[in-house]
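Chemist: This is the structure I have questions about; it appears just below.
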Amino acid sequence: MTVVRIAAAGLALLLAAACTAPAPPRGEASTAGTVCAPPQGAPGPETVTTIDVIEQAYFCILGTYYSGATLDARSLLTAGFVALTQELNRNGRDLPEATMPALTGDRKADWTAFEAVYRKVTDQVPGLRDKLAIVTLEAIVAGLGDDHAGWTHDVKRPPDYYDGDGYGLGLQANVDDSQADGNLGVTLAPLFVTTVLGGAAQAAGLRAGDIIESINGSAPFIGGQATPAINALYPQYPEARPVKLRLLRQSTGRRWSVALQPGLAQRDLAALQVVRSKLLDDDVAYVRMTGFAPDSADRVLRAISRLRKGRTLSGVVLDLRGNSGGSPTEATRLLSAFVHGKVTAYHCTVDGTCATSRTDDTLELLGLPLTVLTDRSCASACEHFSSAVKDLRIGRLVGTRTAGVISGPAQAYLLSNNTLLSFPAQHHLGPNHEVIDRIGVPPDHYVPLTPKDAAAGRDPALTKALTLLHK
Amino acid sequence: MRQLLAVAAGLAVLAASACSAPAPPRSDAVSAAPAGPATLPAPTGPHQVGTTALYLKDTSRPDPWNLDADARELKVTLWYPTKQHDGQRAPYMTPKESELLLKGTSIASAPYDTLSKTRTNAIKDAEPAGRKLPLVVLSPGFTKPMSTLTSLAEDLASRGYVVAGIDHTYESYATTFPDGRVAECLACDSNSDPGFGTGLIQGRAADVSFVLDQLPAKWDGSDRIDRSRIAMVGQSIGGSSAMATMLEDPRVRAGIDMDGTAYARIPKSGFSRPFMFLGSAEHVSGGPFPTWDRDWKLLTGWKRWIVLSGAEHQSFTDTPLLADALGIKPLPGVLPAARAAELTRTYVAAFLDQHLKSRRQPLLDKPSSRYPEAKFCPATCARS
């Protein structure tokens, strides 16, 4: 469920920035169907999810989703019903009436049949009704198999939350929360701490480079394959059960166990800035960008021109590791400072009609060599940017392959209970019309981070990037 | 997110809340013909009011927003009692400041210099009068020049307070320095970053402490200030900055947060100096972003939480008073400008009179029939 986690993270970001308006998605509004529309302003308080909400979501998807016009709607209803029956079973409340109705392929008739059974079932288990509605709708959305489709609901913030706080164990590992939540195929053993953010991890004395050998008694990798146990590294409020980790510190050979209690932790405010910059080796502008937030492209460009003042730069290192994406408009805008007259991406409908994202050639070209640092957490708009850098030969990519989470630009739709359904109406293709989604963008120079590097505070990818610029 | 609600609920003018992202004025809220220049309501206290500006430079720290500035420059506007009756009324803001504020707020319904024609009541550079005067620090909302709190500042000065209003440089659309430089809103670049508010109020706390340090040396009238009686009042993130400042600086004895989402981290052990939340319906108990609920429990001393029915985010500023001049009609259901100013002046002054002048104010003890808009939270203002 990468999908849902990403959507939730997006909303969490909006909530975290309580002082700002949610940025209206730029340049990607799709024609809304009649059953659902993008939210106008902040949604009101959430109310309970009912069969009517599920119906609205179902027709919203069929009316507006990328392949809504052509997909077999029966697959969505079936996915929903599977989840419904599993939830009944888990609660020891299985029912003889809980059998899938016959579906004909007529979307409206099939919904009517589904709704009739759904009501019959849920009426008999009133205590489970709300939960059943949630799992059903979650499963319908997950049934799209689209990493930019998600349903954001029941977003709760801890009552003691302050702007900028993070919730969790206080650590970041080389497998990030989005990967841990459903994109495990992209991960590499061993599992290790890359950053101690604060909170329980800091209090327990964890350090970057510490190898996590087990999580709640389970191995993170079995036969080289990542296991869902890793997901426990990233508890979300209100999950509060302590998470037991067995750790190995390679430098000393020490092995020990800690139990980390999830909670709120103050984060380093400087590290939360979406754009940060500094001068490296007296002639390289290093800019780290954690998201393609509104105005972020211009922030990057202002940072570069500031560092350029009074000196000759030999290049730019743009650090996009951990960049979770954002606005395709910002990706194209930033690219426009490096190349003109090009298409940076195609957004295509299911029938193959593609909208082109063209560079804004009114933007002044920087005329500087570019090296981009990427990793498996560079997702969505970050991959839009990275694929264009590679395809259009704007610069070199250094690090590891990007996330492969870029099905297409998502638009949120407000459901009648004030929850948000989001999905793309078009799918994304790179400048060479290639699919990036699930595949990612491979770096020109593969430089992974090892636990030893992390422990020693070394950044081999950055070192490589600087070497390339100074050649 | 919250200011979108504020806008929907209220006056769609200068509506940026805690942090910018101004909403364009709603078309149905704009009338065709702007009235003449605005006149701020007369101060209600017994004293004439003088005003002057100070420019201070803190060389002990770099500017938090302008990475090329190795010192923090601040403009401080003082309002104070005077015996002088005649003299030039102080300008509200410069034409350039008016232009930058209106452009920043996407208001194009009146000429850009309109706000510079606003008529104020304070006499420019008048000789201060009085002694042992309590001091009130004022801090405006994000993107707003200090002048947007002039109506409150003049009123407090007429009641016998020295008011020190701070333009937090680069956190406003326009701050003019004596050499003609106009600092614009560099902080607006990053206001959607997580942790932005938390960082900003820490900077403002440092600004205020620096101003308190400098005031004796930098203002001739400062011997008229009783430095044992200092309070801070702010709107929006300026209000949250009041708490942030008090947590850092024990010289500030009491504070008011006017409709500001709270960012300052109060220790779990609590906070015992007098504090008042004065807000709009956005800040009723149990609202969507319950920072006041969170902090209310941590206030262990004298405290009040008052929500004004019909108020919106800018009701605590001059903004509604300027709407006519800008050709902007208030939305239905919102407190009329004059009433909003009266309520703000009355409750702020009552709080300050009680805590800096030791004059008990029954107005703060319970709802008043004269001001039925004021609901006392959390008891009688729960979210409907």
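Please note that chains go A, B, ... in the order of the structure tokens, that every chain numbers its residues from 1, and that ligands are numbered from 1 in the order shown.
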Residues at most 8 Å from Ile439 in chain A, counting only C-alpha atoms, excluding those fewer than 2 positions away in the same chain, as a ChimeraX atom specification?

Modeler: /A:403-404,435-437,441

Chemist: Using only C-alpha atoms, which protein or nucleic acid residues come within 9 Å of Tyr118 in chain A? Drop anything in the same chain fewer than 5 positions from it, and give the result as a list in words.

Modeler: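 After dropping sequence-adjacent residues, the list is Ile51, Phe81, Leu84, Ala98, Ala113 and Asp123 of chain A.
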
Chemist: For chain B, which of A:Ala456, A:Leu169, A:Leu269, A:Leu392 is the closest residue, counting only C-alpha atoms?

Modeler: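 Nearest to chain B: A:Leu269.
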
Chemist: Report the residues of range 181-396 of chain A whose backbone DSSP state falls under strand (DSSP E), written as a ChimeraX atom specification.

Modeler: /A:193-196,211-215,221-222,225-226,243-249,254-260,263-265,275-280,284-289,315-319,343-348,354-358,370-374,395-396

Chemist: Which polymer residues have any atom within 8 Å of an atom of Thr402 in chain A, counting only C-alpha atoms, with same-chain residues fewer than 5 positions away left out, as a PyMOL selection string?

Modeler: chain A and resi 374-379+383+440-443

Chemist: Keeping C-alpha atoms for every residue in the selection just given, could you write it to a file as a PDB file, in the first residue's frame?

Modeler:
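Below you can see again-v2.pdb, which holds the result:
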ATOM      1  CA  THR A 374      19.257  10.187  -6.587  1.00  0.00           C
ATOM      2  CA  ASP A 375      18.201   7.251  -4.472  1.00  0.00           C
ATOM      3  CA  ARG A 376      15.329   4.827  -4.038  1.00  0.00           C
ATOM      4  CA  SER A 377      13.385   7.510  -2.174  1.00  0.00           C
ATOM      5  CA  CYS A 378      13.387   9.936  -5.108  1.00  0.00           C
ATOM      6  CA  ALA A 379       9.773   9.525  -6.210  1.00  0.00           C
ATOM      7  CA  GLU A 383      11.628  11.013 -11.144  1.00  0.00           C
ATOM      8  CA  GLY A 440      12.563   4.093 -11.861  1.00  0.00           C
ATOM      9  CA  VAL A 441      15.469   5.948 -13.395  1.00  0.00           C
ATOM     10  CA  PRO A 442      18.851   4.238 -13.201  1.00  0.00           C
ATOM     11  CA  PRO A 443      21.776   6.469 -12.257  1.00  0.00           C
TER      12      PRO A 443
END

Chemist: Find the residue from B:Tyr112, B:Trp219, B:Tyr263, B:Phe210 that sits nearest to chain A; use only C-alpha atoms when measuring.

Modeler: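 For chain A, the nearest of the candidates is B:Tyr263.
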
Chemist: Restricting the calculation to only C-alpha atoms: of B:His168, B:His283, B:Arg294, B:Lys268, which residue gets closest to Ser241 in chain B?

Modeler: B:His168

Chemist: Considering only C-alpha atoms, can you say which of B:Ala350, B:Leu133, B:Ala126, B:Ile237 comes closest to Arg224 in chain B?

Modeler: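 Result for the nearest residue to Arg224 in chain B: B:Leu133.
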
Chemist: What is the CA of Lys103 in chain B to CA of Pro145 in chain B distance in Å?

Modeler: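 The value is 13.4 Å.
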
Chemist: Compile the contact shell of Lys390 in chain A as a list in words: residues with an atom at most 12 Å away, counting only C-alpha atoms, same-chain residues fewer than 4 positions apart removed.

Modeler: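 Listing them by chain and then by number gives Leu335, Val339, Thr344, Leu370, Thr371, Val372, Leu373, Thr374, Glu383, His384, Phe385, Ser386, Ile394, Gly395, Arg396, Leu397, Val398, Arg401, Gly430, Pro431, Asn432, Gly440, Val441, Pro442, Pro443, Asp444 and His445 of chain A.
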
Chemist: With C-alpha atoms retained, export the selected residues as a PDB file, in the first residue's frame.

Modeler:
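Printed below is result_1.pdb as written:
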ATOM      1  CA  LEU A 335      14.554  21.747 -15.834  1.00  0.00           C
ATOM      2  CA  VAL A 339      17.618  23.170 -21.160  1.00  0.00           C
ATOM      3  CA  THR A 344      10.276  16.973 -20.086  1.00  0.00           C
ATOM      4  CA  LEU A 370      24.761  19.565 -13.316  1.00  0.00           C
ATOM      5  CA  THR A 371      25.064  16.443 -11.229  1.00  0.00           C
ATOM      6  CA  VAL A 372      21.975  15.039  -9.553  1.00  0.00           C
ATOM      7  CA  LEU A 373      22.060  12.729  -6.539  1.00  0.00           C
ATOM      8  CA  THR A 374      19.257  10.187  -6.587  1.00  0.00           C
ATOM      9  CA  GLU A 383      11.628  11.013 -11.144  1.00  0.00           C
ATOM     10  CA  HIS A 384      10.036  13.312 -13.691  1.00  0.00           C
ATOM     11  CA  PHE A 385      13.013  15.607 -13.110  1.00  0.00           C
ATOM     12  CA  SER A 386      15.641  12.848 -12.999  1.00  0.00           C
ATOM     13  CA  ILE A 394      21.318  17.877 -18.971  1.00  0.00           C
ATOM     14  CA  GLY A 395      23.597  16.297 -16.397  1.00  0.00           C
ATOM     15  CA  ARG A 396      24.660  13.099 -14.683  1.00  0.00           C
ATOM     16  CA  LEU A 397      22.750  11.063 -12.135  1.00  0.00           C
ATOM     17  CA  VAL A 398      24.772   9.674  -9.247  1.00  0.00           C
ATOM     18  CA  ARG A 401      17.913   4.038  -9.038  1.00  0.00           C
ATOM     19  CA  GLY A 430       9.549  10.164 -19.784  1.00  0.00           C
ATOM     20  CA  PRO A 431      10.899  12.426 -22.561  1.00  0.00           C
ATOM     21  CA  ASN A 432      11.588   9.357 -24.735  1.00  0.00           C
ATOM     22  CA  GLY A 440      12.563   4.093 -11.861  1.00  0.00           C
ATOM     23  CA  VAL A 441      15.469   5.948 -13.395  1.00  0.00           C
ATOM     24  CA  PRO A 442      18.851   4.238 -13.201  1.00  0.00           C
ATOM     25  CA  PRO A 443      21.776   6.469 -12.257  1.00  0.00           C
ATOM     26  CA  ASP A 444      24.644   7.079 -14.656  1.00  0.00           C
ATOM     27  CA  HIS A 445      26.994   6.285 -11.804  1.00  0.00           C
TER      28      HIS A 445
END

Chemist: Find the spatial neighbours of Arg333 in chain A, counting only C-alpha atoms, within a cut-off of 12 Å - ignore same-chain residues fewer than 3 positions away - and output them as a PyMOL selection string.

Modeler: chain A and resi 26+292-301+327-330+336-340+342-344+357-365+381+384-385+388

Chemist: Run DSSP on the backbone and grab whatever in range 109-171 of chain B lands in alpha helix (DSSP H); send it over as a VMD selection string.

Modeler: chain B and resid 150 to 158

Chemist: If you keep N, CA and C atoms, can you produce a file of those selected residues as a CSV table (one decimal), in the first residue's frame?

Modeler:
chain,number,residue,atom,x,y,z
B,150,THR,N,-1.9,49.6,13.7
B,150,THR,CA,-1.9,51.0,14.2
B,150,THR,C,-3.1,51.4,15.0
B,151,SER,N,-4.2,50.9,14.6
B,151,SER,CA,-5.4,51.3,15.4
B,151,SER,C,-5.3,50.9,16.9
B,152,LEU,N,-4.9,49.7,17.1
B,152,LEU,CA,-4.7,49.2,18.4
B,152,LEU,C,-3.5,49.9,19.1
B,153,ALA,N,-2.4,50.1,18.4
B,153,ALA,CA,-1.3,50.8,19.0
B,153,ALA,C,-1.6,52.2,19.5
B,154,GLU,N,-2.3,53.0,18.6
B,154,GLU,CA,-2.7,54.3,19.0
B,154,GLU,C,-3.6,54.3,20.2
B,155,ASP,N,-4.5,53.4,20.2
B,155,ASP,CA,-5.5,53.4,21.3
B,155,ASP,C,-4.7,53.1,22.7
B,156,LEU,N,-3.8,52.1,22.6
B,156,LEU,CA,-3.1,51.8,23.8
B,156,LEU,C,-2.2,52.9,24.3
B,157,ALA,N,-1.6,53.6,23.4
B,157,ALA,CA,-0.8,54.8,23.8
B,157,ALA,C,-1.7,55.9,24.4
B,158,SER,N,-2.9,56.1,23.9
B,158,SER,CA,-3.8,57.1,24.5
B,158,SER,C,-4.2,56.7,25.9

Chemist: Using only C-alpha atoms, which residue out of A:Leu420, A:Cys354, A:Leu144, A:Ala208 lies closest to Ser251 in chain A?

Modeler: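 When distances to Ser251 in chain A are compared using only C-alpha atoms, the smallest one comes from A:Ala208.
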